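Peer 1: My questions will all concern the structure given below.
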Amino acid sequence: MHSHLTIMPEEKKEDKDKKLTKAEEQKLHVFFVEKVITLMTGAMGLVAALAWNDAMRKLFERVFGTAGSGDITAMFIYAAVITATVVIVTYRLTRFSEKIKKKNEK
């Protein structure tokens with residue numbers, strides 16, 4: 001049997017010491033902020049979806065007589081509050097991201 005070894009060339013000292021330019025740092029910053037906002041938006045969307053899921057489940061339990069616990073009105077209020085919060089936070093995060101993009105384009 002033959003085994004293949006891959007030998008990685010040593011990094012040049014100058015590659016290790018290479019620093020990012022100001023433009024590269026700004027691009028990286030914008031990229032990072034966009035990714036964090038995307039992840040946060042997705043997480044908040046999941047919370048809103050779970051809230052509506054619980055509310056709808058309670059509604060079906062009430063309508064179809066399935067034994068359930070909890071107050072349906074409270075569940076819908078909770079779902080509405082969570083959804084409104086997610087919409088507001090998402091809007092503000094998007095505006096924040098756009099401001100950073102515009103600032104870095106100048």
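Note on naming: chains are A, B, ... as they come in the structure tokens, residues start from 1 per chain, ligands start from 1 in the order shown.
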With only C-alpha atoms as the counted atoms, please give the residues lying no more than 7 Å from range 16-30 of chain A, apart from itself and same-chain residues fewer than 6 positions off, as a list in words.
Peer 2: Ile100, Lys101 and Asn104 of chain A
Peer 1: Counting only C-alpha atoms, figure out which residue out of A:Leu50, A:Phe60, A:Ile37, A:Met44 gets nearest to Val86 in chain A.
Peer 2: A:Met44
Peer 1: Hey, what's within 12 Å of Thr94 in chain A if we count only C-alpha atoms and toss same-chain stuff fewer than 2 positions away? As a tab-separated table (two decimals) with N, CA and C atoms, in the first residue's frame, please?
Peer 2:
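After the write, selection.tsv holds the following:
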```tsv
chain	number	residue	atom	x	y	z
A	33	VAL	N	-21.03	42.53	10.53
A	33	VAL	CA	-22.28	43.10	11.01
A	33	VAL	C	-23.46	42.52	10.25
A	34	GLU	N	-23.33	42.40	8.93
A	34	GLU	CA	-24.41	41.84	8.12
A	34	GLU	C	-24.72	40.41	8.54
A	35	LYS	N	-23.69	39.62	8.77
A	35	LYS	CA	-23.91	38.22	9.17
A	35	LYS	C	-24.56	38.13	10.55
A	36	VAL	N	-24.12	38.96	11.49
A	36	VAL	CA	-24.72	38.95	12.83
A	36	VAL	C	-26.19	39.35	12.75
A	37	ILE	N	-26.48	40.37	11.95
A	37	ILE	CA	-27.87	40.80	11.80
A	37	ILE	C	-28.71	39.70	11.17
A	38	THR	N	-28.16	39.02	10.18
A	38	THR	CA	-28.88	37.91	9.55
A	38	THR	C	-29.18	36.82	10.56
A	40	MET	N	-29.33	37.13	13.89
A	40	MET	CA	-30.26	37.64	14.90
A	40	MET	C	-31.68	37.69	14.35
A	41	THR	N	-31.81	38.12	13.11
A	41	THR	CA	-33.13	38.20	12.48
A	41	THR	C	-33.74	36.81	12.37
A	86	VAL	N	-40.17	41.74	16.96
A	86	VAL	CA	-39.27	41.23	15.93
A	86	VAL	C	-39.25	42.17	14.72
A	87	VAL	N	-40.42	42.65	14.33
A	87	VAL	CA	-40.49	43.56	13.18
A	87	VAL	C	-39.73	44.85	13.48
A	88	ILE	N	-39.93	45.42	14.65
A	88	ILE	CA	-39.27	46.67	15.03
A	88	ILE	C	-37.75	46.48	15.11
A	89	VAL	N	-37.31	45.44	15.78
A	89	VAL	CA	-35.87	45.20	15.92
A	89	VAL	C	-35.24	44.92	14.57
A	90	THR	N	-35.91	44.14	13.74
A	90	THR	CA	-35.39	43.84	12.40
A	90	THR	C	-35.25	45.12	11.58
A	91	TYR	N	-36.25	45.97	11.64
A	91	TYR	CA	-36.21	47.24	10.92
A	91	TYR	C	-35.03	48.09	11.39
A	92	ARG	N	-34.86	48.18	12.70
A	92	ARG	CA	-33.77	49.01	13.23
A	92	ARG	C	-32.40	48.43	12.90
A	96	PHE	N	-29.47	50.20	10.69
A	96	PHE	CA	-28.11	50.29	11.23
A	96	PHE	C	-27.11	49.75	10.20
A	97	SER	N	-27.43	48.63	9.62
A	97	SER	CA	-26.55	48.02	8.61
A	97	SER	C	-26.40	48.94	7.40
A	98	GLU	N	-27.49	49.55	6.96
A	98	GLU	CA	-27.43	50.46	5.81
A	98	GLU	C	-26.59	51.70	6.11
A	99	LYS	N	-26.68	52.20	7.35
A	99	LYS	CA	-25.87	53.36	7.73
A	99	LYS	C	-24.39	53.01	7.68
A	100	ILE	N	-24.03	51.83	8.15
A	100	ILE	CA	-22.63	51.41	8.12
A	100	ILE	C	-22.15	51.29	6.68
A	101	LYS	N	-22.97	50.72	5.82
A	101	LYS	CA	-22.60	50.59	4.41
A	101	LYS	C	-22.37	51.96	3.78
```
Peer 1: CA of Lys58 in chain A and CA of Met75 in chain A, how far apart in Å?
Peer 2: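 Those two atoms sit 7.7 Å apart.
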Peer 1: Between CA of Thr85 in chain A and CA of Trp52 in chain A, what is the distance, to one decimal in Å?
Peer 2: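 Separation between CA of Thr85 in chain A and CA of Trp52 in chain A: 13.4 Å.
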Peer 1: Please list as number ranges by chain every residue within 9 Å of Phe76 in chain A, counting only C-alpha atoms and excluding residues in the same chain fewer than 3 positions away.
Peer 2: A: 51-52, 54-56, 71-73, 79-81
Peer 1: Save out the residues we just selected, N, CA and C atoms, as an mmCIF file, in the first residue's frame.
Peer 2:
```cif
data_model
loop_
_atom_site.group_PDB
_atom_site.id
_atom_site.type_symbol
_atom_site.label_atom_id
_atom_site.label_comp_id
_atom_site.auth_asym_id
_atom_site.auth_seq_id
_atom_site.Cartn_x
_atom_site.Cartn_y
_atom_site.Cartn_z
ATOM 1 N N ALA A 51 -44.059 31.369 18.877
ATOM 2 C CA ALA A 51 -45.154 32.011 19.623
ATOM 3 C C ALA A 51 -46.482 31.809 18.887
ATOM 4 N N TRP A 52 -46.469 32.042 17.567
ATOM 5 C CA TRP A 52 -47.693 31.845 16.790
ATOM 6 C C TRP A 52 -48.083 30.373 16.752
ATOM 7 N N ASP A 54 -47.689 28.198 19.164
ATOM 8 C CA ASP A 54 -48.364 27.922 20.437
ATOM 9 C C ASP A 54 -49.775 28.505 20.457
ATOM 10 N N ALA A 55 -49.914 29.742 19.942
ATOM 11 C CA ALA A 55 -51.225 30.380 19.926
ATOM 12 C C ALA A 55 -52.201 29.596 19.049
ATOM 13 N N MET A 56 -51.765 29.208 17.889
ATOM 14 C CA MET A 56 -52.636 28.456 16.984
ATOM 15 C C MET A 56 -52.991 27.085 17.569
ATOM 16 N N ASP A 71 -54.284 30.173 28.786
ATOM 17 C CA ASP A 71 -55.276 31.133 28.329
ATOM 18 C C ASP A 71 -54.989 31.501 26.876
ATOM 19 N N ILE A 72 -55.978 31.264 25.993
ATOM 20 C CA ILE A 72 -55.781 31.509 24.565
ATOM 21 C C ILE A 72 -55.578 32.992 24.262
ATOM 22 N N THR A 73 -56.293 33.860 24.976
ATOM 23 C CA THR A 73 -56.136 35.293 24.749
ATOM 24 C C THR A 73 -54.709 35.718 25.069
ATOM 25 N N ALA A 79 -48.051 36.300 21.184
ATOM 26 C CA ALA A 79 -47.602 36.130 19.802
ATOM 27 C C ALA A 79 -47.554 37.473 19.079
ATOM 28 N N ALA A 80 -48.551 38.318 19.291
ATOM 29 C CA ALA A 80 -48.587 39.630 18.638
ATOM 30 C C ALA A 80 -47.458 40.521 19.143
ATOM 31 N N VAL A 81 -47.222 40.506 20.440
ATOM 32 C CA VAL A 81 -46.152 41.323 21.017
ATOM 33 C C VAL A 81 -44.792 40.856 20.498
#
```
